[in-house]
>>> print(open('target30.pdb').read())   # PDB, C-alpha atoms, pLDDT in the B column
ATOM      1  CA  MET A   1     226.330 273.492  72.009  1.00 62.00           C
ATOM      2  CA  ALA A   2     227.406 269.906  72.621  1.00 83.00           C
ATOM      3  CA  GLU A   3     225.477 267.852  75.156  1.00 93.00           C
ATOM      4  CA  ILE A   4     227.171 266.155  78.113  1.00 95.00           C
ATOM      5  CA  ILE A   5     226.856 262.365  78.123  1.00 95.00           C
ATOM      6  CA  PHE A   6     228.041 259.704  80.549  1.00 95.00           C
ATOM      7  CA  LYS A   7     230.933 257.344  79.921  1.00 94.00           C
ATOM      8  CA  ASP A   8     231.129 253.830  81.300  1.00 91.00           C
ATOM      9  CA  LEU A   9     232.572 253.943  84.801  1.00 89.00           C
ATOM     10  CA  THR A  10     236.061 252.585  85.360  1.00 90.00           C
ATOM     11  CA  VAL A  11     238.313 251.891  88.318  1.00 89.00           C
ATOM     12  CA  ASP A  12     239.931 255.274  87.648  1.00 91.00           C
ATOM     13  CA  ASN A  13     236.555 256.907  88.398  1.00 90.00           C
ATOM     14  CA  LEU A  14     236.432 254.961  91.653  1.00 86.00           C
ATOM     15  CA  PHE A  15     239.757 256.447  92.705  1.00 88.00           C
ATOM     16  CA  ASP A  16     238.544 259.929  91.760  1.00 89.00           C
ATOM     17  CA  PHE A  17     235.475 259.314  93.914  1.00 84.00           C
ATOM     18  CA  CYS A  18     237.765 258.656  96.870  1.00 84.00           C
ATOM     19  CA  GLY A  19     238.693 262.363  96.718  1.00 87.00           C
ATOM     20  CA  VAL A  20     235.023 263.227  97.182  1.00 83.00           C
ATOM     21  CA  LEU A  21     234.744 260.757 100.053  1.00 80.00           C
ATOM     22  CA  ASP A  22     237.759 262.269 101.751  1.00 86.00           C
ATOM     23  CA  VAL A  23     236.307 265.786 101.684  1.00 86.00           C
ATOM     24  CA  VAL A  24     232.745 264.750 102.588  1.00 81.00           C
ATOM     25  CA  GLY A  25     233.999 262.644 105.462  1.00 80.00           C
ATOM     26  CA  VAL A  26     234.461 258.920 105.613  1.00 72.00           C
ATOM     27  CA  GLU A  27     232.409 258.567 108.809  1.00 77.00           C
ATOM     28  CA  ASP A  28     229.423 260.261 107.181  1.00 78.00           C
ATOM     29  CA  ILE A  29     229.810 258.047 104.114  1.00 73.00           C
ATOM     30  CA  LEU A  30     229.983 254.889 106.219  1.00 73.00           C
ATOM     31  CA  ASN A  31     226.740 255.910 107.921  1.00 75.00           C
ATOM     32  CA  VAL A  32     225.056 255.738 104.492  1.00 74.00           C
ATOM     33  CA  PHE A  33     225.795 252.006 104.529  1.00 71.00           C
ATOM     34  CA  ASP A  34     223.446 251.203 107.418  1.00 74.00           C
ATOM     35  CA  LYS A  35     224.030 247.503 108.128  1.00 76.00           C
ATOM     36  CA  LYS A  36     220.582 246.974 109.640  1.00 80.00           C
ATOM     37  CA  GLU A  37     218.837 248.533 106.656  1.00 78.00           C
ATOM     38  CA  ILE A  38     220.991 246.605 104.179  1.00 77.00           C
ATOM     39  CA  ASN A  39     220.367 243.346 106.025  1.00 78.00           C
ATOM     40  CA  ALA A  40     216.622 244.053 106.047  1.00 81.00           C
ATOM     41  CA  LEU A  41     216.695 244.658 102.287  1.00 78.00           C
ATOM     42  CA  GLN A  42     218.675 241.450 101.781  1.00 79.00           C
ATOM     43  CA  LYS A  43     216.207 239.466 103.907  1.00 80.00           C
ATOM     44  CA  ALA A  44     213.362 240.920 101.835  1.00 82.00           C
ATOM     45  CA  ASN A  45     215.168 239.468  98.780  1.00 81.00           C
ATOM     46  CA  GLU A  46     215.677 242.880  97.227  1.00 78.00           C
ATOM     47  CA  SER A  47     217.991 242.891  94.220  1.00 79.00           C
ATOM     48  CA  THR A  48     221.506 244.252  94.363  1.00 76.00           C
ATOM     49  CA  GLU A  49     220.306 247.029  92.045  1.00 78.00           C
ATOM     50  CA  LYS A  50     217.487 248.000  94.443  1.00 81.00           C
ATOM     51  CA  ILE A  51     219.907 248.050  97.378  1.00 80.00           C
ATOM     52  CA  GLY A  52     222.287 250.127  95.265  1.00 79.00           C
ATOM     53  CA  ILE A  53     219.552 252.628  94.438  1.00 82.00           C
ATOM     54  CA  VAL A  54     218.782 253.094  98.141  1.00 81.00           C
ATOM     55  CA  VAL A  55     222.468 253.669  98.927  1.00 80.00           C
ATOM     56  CA  VAL A  56     223.025 255.983  95.950  1.00 80.00           C
ATOM     57  CA  MET A  57     220.046 258.161  96.896  1.00 82.00           C
ATOM     58  CA  LYS A  58     221.394 258.551 100.438  1.00 83.00           C
ATOM     59  CA  LEU A  59     224.876 259.212  99.100  1.00 81.00           C
ATOM     60  CA  VAL A  60     223.649 261.858  96.637  1.00 79.00           C
ATOM     61  CA  LYS A  61     221.822 263.607  99.470  1.00 83.00           C
ATOM     62  CA  LEU A  62     225.002 263.623 101.568  1.00 82.00           C
ATOM     63  CA  ILE A  63     227.148 264.851  98.684  1.00 77.00           C
ATOM     64  CA  ILE A  64     224.696 267.630  97.799  1.00 78.00           C
ATOM     65  CA  LYS A  65     224.753 268.698 101.435  1.00 82.00           C
ATOM     66  CA  ASN A  66     228.543 268.924 101.189  1.00 78.00           C
ATOM     67  CA  ILE A  67     228.803 270.584  97.755  1.00 77.00           C
ATOM     68  CA  PRO A  68     230.279 273.804  99.170  1.00 87.00           C
ATOM     69  CA  LYS A  69     233.287 272.092 100.699  1.00 87.00           C
ATOM     70  CA  ALA A  70     233.645 269.356  98.050  1.00 85.00           C
ATOM     71  CA  LYS A  71     232.822 271.416  94.937  1.00 89.00           C
ATOM     72  CA  ASN A  72     236.149 270.873  93.188  1.00 91.00           C
ATOM     73  CA  GLU A  73     236.371 267.168  94.011  1.00 91.00           C
ATOM     74  CA  ILE A  74     232.771 266.538  92.922  1.00 88.00           C
ATOM     75  CA  CYS A  75     233.279 268.369  89.646  1.00 92.00           C
ATOM     76  CA  GLU A  76     236.601 266.582  88.991  1.00 94.00           C
ATOM     77  CA  PHE A  77     234.903 263.247  89.630  1.00 93.00           C
ATOM     78  CA  LEU A  78     231.919 264.056  87.388  1.00 94.00           C
ATOM     79  CA  ALA A  79     234.215 265.395  84.663  1.00 96.00           C
ATOM     80  CA  GLY A  80     235.964 262.019  84.610  1.00 95.00           C
ATOM     81  CA  CYS A  81     232.611 260.267  84.202  1.00 94.00           C
ATOM     82  CA  THR A  82     231.336 262.442  81.359  1.00 96.00           C
ATOM     83  CA  GLU A  83     232.220 263.761  77.953  1.00 96.00           C
ATOM     84  CA  PHE A  84     230.580 265.924  75.345  1.00 96.00           C
ATOM     85  CA  ASP A  85     228.548 264.032  72.761  1.00 94.00           C
ATOM     86  CA  ASP A  86     231.167 264.942  70.146  1.00 95.00           C
ATOM     87  CA  GLY A  87     233.775 262.954  72.162  1.00 93.00           C
ATOM     88  CA  THR A  88     235.506 265.989  73.668  1.00 95.00           C
ATOM     89  CA  LYS A  89     236.509 265.593  77.313  1.00 95.00           C
ATOM     90  CA  THR A  90     234.608 267.595  79.904  1.00 96.00           C
ATOM     91  CA  SER A  91     236.511 269.440  82.594  1.00 97.00           C
ATOM     92  CA  ALA A  92     235.634 270.434  86.122  1.00 96.00           C
ATOM     93  CA  LYS A  93     235.529 274.019  84.835  1.00 96.00           C
ATOM     94  CA  ASP A  94     232.881 273.026  82.242  1.00 96.00           C
ATOM     95  CA  LEU A  95     230.715 271.639  85.031  1.00 95.00           C
ATOM     96  CA  ILE A  96     231.288 274.532  87.430  1.00 93.00           C
ATOM     97  CA  GLU A  97     230.186 276.945  84.700  1.00 95.00           C
ATOM     98  CA  MET A  98     226.942 275.050  83.972  1.00 94.00           C
ATOM     99  CA  LYS A  99     223.621 276.617  84.757  1.00 95.00           C
ATOM    100  CA  ILE A 100     222.014 275.250  87.916  1.00 92.00           C
ATOM    101  CA  VAL A 101     219.100 273.313  86.392  1.00 94.00           C
ATOM    102  CA  PRO A 102     221.209 271.355  83.852  1.00 94.00           C
ATOM    103  CA  PHE A 103     223.763 270.584  86.583  1.00 91.00           C
ATOM    104  CA  VAL A 104     221.073 269.243  88.935  1.00 88.00           C
ATOM    105  CA  LYS A 105     219.628 267.179  86.058  1.00 92.00           C
ATOM    106  CA  LEU A 106     223.112 265.813  85.359  1.00 92.00           C
ATOM    107  CA  ILE A 107     223.519 264.699  88.977  1.00 87.00           C
ATOM    108  CA  LYS A 108     220.004 263.258  89.000  1.00 87.00           C
ATOM    109  CA  GLU A 109     220.627 261.236  85.832  1.00 91.00           C
ATOM    110  CA  PHE A 110     224.050 260.153  87.065  1.00 89.00           C
ATOM    111  CA  SER A 111     222.564 258.806  90.283  1.00 82.00           C
ATOM    112  CA  LYS A 112     220.271 256.553  88.226  1.00 84.00           C
ATOM    113  CA  ARG A 113     223.054 254.947  86.187  1.00 88.00           C
ATOM    114  CA  GLU A 114     222.876 251.186  86.341  1.00 86.00           C
ATOM    115  CA  ASP A 115     226.632 250.696  86.698  1.00 84.00           C
ATOM    116  CA  LEU A 116     226.652 253.133  89.614  1.00 81.00           C
ATOM    117  CA  THR A 117     223.716 251.539  91.431  1.00 77.00           C
ATOM    118  CA  ASP A 118     225.119 248.055  90.770  1.00 81.00           C
ATOM    119  CA  PHE A 119     228.470 249.087  92.218  1.00 80.00           C
ATOM    120  CA  PHE A 120     226.990 250.594  95.372  1.00 75.00           C
ATOM    121  CA  GLY A 121     224.624 247.631  95.683  1.00 76.00           C
ATOM    122  CA  GLU A 122     227.607 245.298  95.715  1.00 78.00           C
ATOM    123  CA  VAL A 123     229.469 247.488  98.224  1.00 73.00           C
ATOM    124  CA  ALA A 124     226.380 247.665 100.431  1.00 70.00           C
ATOM    125  CA  GLU A 125     225.903 243.905 100.357  1.00 70.00           C
ATOM    126  CA  LEU A 126     229.564 243.404 101.181  1.00 71.00           C
ATOM    127  CA  TRP A 127     229.310 245.953 104.000  1.00 63.00           C
ATOM    128  CA  GLY A 128     226.059 244.476 105.299  1.00 61.00           C
ATOM    129  CA  SER A 129     227.208 240.885 105.306  1.00 57.00           C
ATOM    130  CA  GLU A 130     229.262 239.793 108.249  1.00 46.00           C
ATOM    131  CA  ARG A 131     231.365 236.700 108.693  1.00 38.00           C
ATOM    132  CA  LYS A 132     229.954 235.029 111.715  1.00 39.00           C
ATOM    133  CA  ASN A 133     232.576 232.288 111.984  1.00 39.00           C
ATOM    134  CA  LEU A 134     236.062 233.138 110.792  1.00 39.00           C
ATOM    135  CA  LYS A 135     237.239 229.641 111.741  1.00 44.00           C
ATOM    136  CA  ASN A 136     235.590 228.443 108.549  1.00 44.00           C
ATOM    137  CA  SER A 137     237.419 230.941 106.372  1.00 45.00           C
ATOM    138  CA  SER A 138     239.282 229.774 103.296  1.00 48.00           C
ATOM    139  CA  THR A 139     242.607 230.021 105.125  1.00 48.00           C
ATOM    140  CA  GLU A 140     241.710 227.466 107.799  1.00 47.00           C
ATOM    141  CA  ASP A 141     243.257 224.558 105.925  1.00 47.00           C
ATOM    142  CA  THR A 142     246.224 226.501 104.542  1.00 47.00           C
ATOM    143  CA  GLU A 143     249.427 224.860 105.626  1.00 52.00           C
ATOM    144  CA  VAL A 144     251.829 227.251 107.304  1.00 48.00           C
ATOM    145  CA  PRO A 145     255.483 226.328 106.832  1.00 49.00           C
ATOM    146  CA  THR A 146     257.292 225.707 110.104  1.00 52.00           C
ATOM    147  CA  ASP A 147     260.812 225.811 108.696  1.00 53.00           C
ATOM    148  CA  ILE A 148     261.614 228.905 106.726  1.00 53.00           C
ATOM    149  CA  SER A 149     265.357 228.346 106.425  1.00 53.00           C
ATOM    150  CA  THR A 150     266.901 228.666 102.991  1.00 53.00           C
ATOM    151  CA  GLU A 151     269.057 225.546 103.354  1.00 53.00           C
ATOM    152  CA  GLN A 152     267.895 222.514 101.449  1.00 49.00           C
TER     153      GLN A 152
END
>>> encode(input="target30.pdb", output="structure tokens")
Amino acid sequence: MAEIIFKDLTVDNLFDFCGVLDVVGVEDILNVFDKKEINALQKANESTEKIGIVVVMKLVKLIIKNIPKAKNEICEFLAGCTEFDDGTKTSAKDLIEMKIVPFVKLIKEFSKREDLTDFFGEVAELWGSERKNLKNSSTEDTEVPTDISTEQ
């Protein structure tokens, strides 16, 4: 039997993940990105990857907790991130029919993927950083036209 391997993540996978987020609950997901914790990690000079690992582990816990109600969305998402080692696409049905231990191992290995932890590290840093003074934003010196008539 062919083994399931991971593909490089793409923006399409990100959109598929939004389906999981919708079912799990956006509020619960946002709570994973604890600003105080992220800021503390940033102040401790932790790498983006380390911050991403912390966020991914919390996210995996939340998703596992919600597997019953998000089963289809989770399997659709994972199917888009994997393929069989012979290049054949995996389907949500392939994942749903897996034995428990290989499925848990798949999720465990997926949560360790560098591109995944890097992505969530970047999101966490973005979420954790706050603009303290919007007056210094890049639009401050942008000239706004006062006459928008089409006559010249």
>>> resolve_selection(input="target30.pdb", expression="the PyMOL selection byres ((chain A and resi 28) around 12)", output="count of residues only")
21
>>> residues_near_point(input="target30.pdb", point="(229.7, 271.5, 81.4)", cutoff="9 Å", atoms="all atoms listed in the file", output="PyMOL selection string")
chain A and resi 3-4+79+83-84+90-99+102-103
>>> resolve_selection(input="target30.pdb", expression="the PyMOL selection byres ((chain A and resi 82) around 6)", output="PyMOL selection string")
chain A and resi 5-7+79-81+83
>>> resolve_selection(input="target30.pdb", expression="the PyMOL selection byres ((chain A and resi 42-53) around 8)", output="number ranges by chain")
A: 38-41, 54-57, 112, 114, 116-122, 124-125
>>> write_last_selection(input="target30.pdb", atoms="C-alpha atoms", output="compact mmCIF listing (two decimals), in the coordinates of the input")
# COMPACT_ATOMS: atom_id res chain seq x y z
CA ILE A 38 220.99 246.60 104.18
CA ASN A 39 220.37 243.35 106.02
CA ALA A 40 216.62 244.05 106.05
CA LEU A 41 216.70 244.66 102.29
CA VAL A 54 218.78 253.09 98.14
CA VAL A 55 222.47 253.67 98.93
CA VAL A 56 223.02 255.98 95.95
CA MET A 57 220.05 258.16 96.90
CA LYS A 112 220.27 256.55 88.23
CA GLU A 114 222.88 251.19 86.34
CA LEU A 116 226.65 253.13 89.61
CA THR A 117 223.72 251.54 91.43
CA ASP A 118 225.12 248.06 90.77
CA PHE A 119 228.47 249.09 92.22
CA PHE A 120 226.99 250.59 95.37
CA GLY A 121 224.62 247.63 95.68
CA GLU A 122 227.61 245.30 95.72
CA ALA A 124 226.38 247.66 100.43
CA GLU A 125 225.90 243.90 100.36
>>> atom_distance(input="target30.pdb", atom1="atom CA of Gly87 of chain A", atom2="atom CA of Asn13 of chain A")
17.5 Å
>>> atom_distance(input="target30.pdb", atom1="atom CA of Ile100 of chain A", atom2="atom CA of Gly19 of chain A")
22.8 Å
>>> atom_distance(input="target30.pdb", atom1="atom CA of Lys89 of chain A", atom2="atom CA of Pro68 of chain A")
24.2 Å
>>> closest_residue(input="target30.pdb", among="A:Arg113, A:Lys69, A:Lys35, A:Lys105", to="Leu126 of chain A", atoms="only C-alpha atoms")
A:Lys35
>>> closest_residue(input="target30.pdb", among="A:Val60, A:Val123, A:Thr10, A:Asp86", to="Val104 of chain A", atoms="only C-alpha atoms")
A:Val60
>>> decode(input="target30.pdb", residues="segment 62-83 of chain A", atoms="N, CA, C and O atoms", output="compact mmCIF listing (two decimals), in the first residue's frame")
# COMPACT_ATOMS: atom_id res chain seq x y z
N LEU A 62 -6.92 22.22 19.90
CA LEU A 62 -8.27 22.74 19.68
C LEU A 62 -8.97 21.99 18.55
O LEU A 62 -10.15 21.63 18.66
N ILE A 63 -8.25 21.71 17.48
CA ILE A 63 -8.84 21.01 16.35
C ILE A 63 -9.21 19.58 16.74
O ILE A 63 -10.28 19.09 16.39
N ILE A 64 -8.32 18.90 17.46
CA ILE A 64 -8.62 17.54 17.90
C ILE A 64 -9.87 17.53 18.77
O ILE A 64 -10.72 16.65 18.64
N LYS A 65 -9.99 18.53 19.62
CA LYS A 65 -11.17 18.64 20.48
C LYS A 65 -12.44 18.78 19.63
O LYS A 65 -13.50 18.33 20.03
N ASN A 66 -12.30 19.38 18.47
CA ASN A 66 -13.46 19.64 17.61
C ASN A 66 -13.59 18.68 16.43
O ASN A 66 -14.38 18.94 15.52
N ILE A 67 -12.82 17.58 16.44
CA ILE A 67 -12.88 16.64 15.32
C ILE A 67 -14.31 16.18 15.01
O ILE A 67 -14.69 16.13 13.85
N PRO A 68 -15.12 15.87 16.02
CA PRO A 68 -16.47 15.39 15.67
C PRO A 68 -17.26 16.36 14.80
O PRO A 68 -17.90 15.94 13.84
N LYS A 69 -17.20 17.64 15.10
CA LYS A 69 -18.01 18.56 14.30
C LYS A 69 -17.28 19.09 13.07
O LYS A 69 -17.91 19.61 12.17
N ALA A 70 -15.95 18.92 13.00
CA ALA A 70 -15.19 19.42 11.86
C ALA A 70 -14.52 18.29 11.07
O ALA A 70 -13.60 18.55 10.30
N LYS A 71 -15.00 17.08 11.26
CA LYS A 71 -14.37 15.90 10.63
C LYS A 71 -14.17 16.09 9.13
O LYS A 71 -13.07 15.92 8.60
N ASN A 72 -15.23 16.43 8.43
CA ASN A 72 -15.14 16.55 6.97
C ASN A 72 -14.19 17.66 6.54
O ASN A 72 -13.38 17.48 5.63
N GLU A 73 -14.27 18.82 7.20
CA GLU A 73 -13.42 19.94 6.85
C GLU A 73 -11.95 19.64 7.14
O GLU A 73 -11.07 20.00 6.36
N ILE A 74 -11.68 18.98 8.26
CA ILE A 74 -10.31 18.62 8.61
C ILE A 74 -9.76 17.64 7.59
O ILE A 74 -8.63 17.80 7.10
N CYS A 75 -10.54 16.65 7.24
CA CYS A 75 -10.07 15.65 6.28
C CYS A 75 -9.90 16.24 4.88
O CYS A 75 -8.97 15.89 4.16
N GLU A 76 -10.79 17.16 4.49
CA GLU A 76 -10.63 17.84 3.19
C GLU A 76 -9.35 18.66 3.18
O GLU A 76 -8.60 18.65 2.21
N PHE A 77 -9.11 19.38 4.27
CA PHE A 77 -7.89 20.18 4.38
C PHE A 77 -6.65 19.30 4.30
O PHE A 77 -5.74 19.55 3.52
N LEU A 78 -6.61 18.24 5.11
CA LEU A 78 -5.45 17.35 5.12
C LEU A 78 -5.26 16.64 3.78
O LEU A 78 -4.12 16.43 3.34
N ALA A 79 -6.35 16.31 3.12
CA ALA A 79 -6.25 15.67 1.80
C ALA A 79 -5.58 16.61 0.80
O ALA A 79 -4.80 16.16 -0.05
N GLY A 80 -5.85 17.90 0.92
CA GLY A 80 -5.21 18.87 0.03
C GLY A 80 -3.74 19.09 0.34
O GLY A 80 -3.00 19.63 -0.49
N CYS A 81 -3.31 18.67 1.51
CA CYS A 81 -1.91 18.86 1.93
C CYS A 81 -1.08 17.59 1.76
O CYS A 81 0.12 17.59 2.06
N THR A 82 -1.70 16.52 1.30
CA THR A 82 -1.02 15.23 1.22
C THR A 82 -1.24 14.59 -0.15
O THR A 82 -2.12 15.01 -0.92
N GLU A 83 -0.45 13.58 -0.39
CA GLU A 83 -0.62 12.72 -1.55
C GLU A 83 0.02 11.38 -1.23
O GLU A 83 0.77 11.28 -0.25
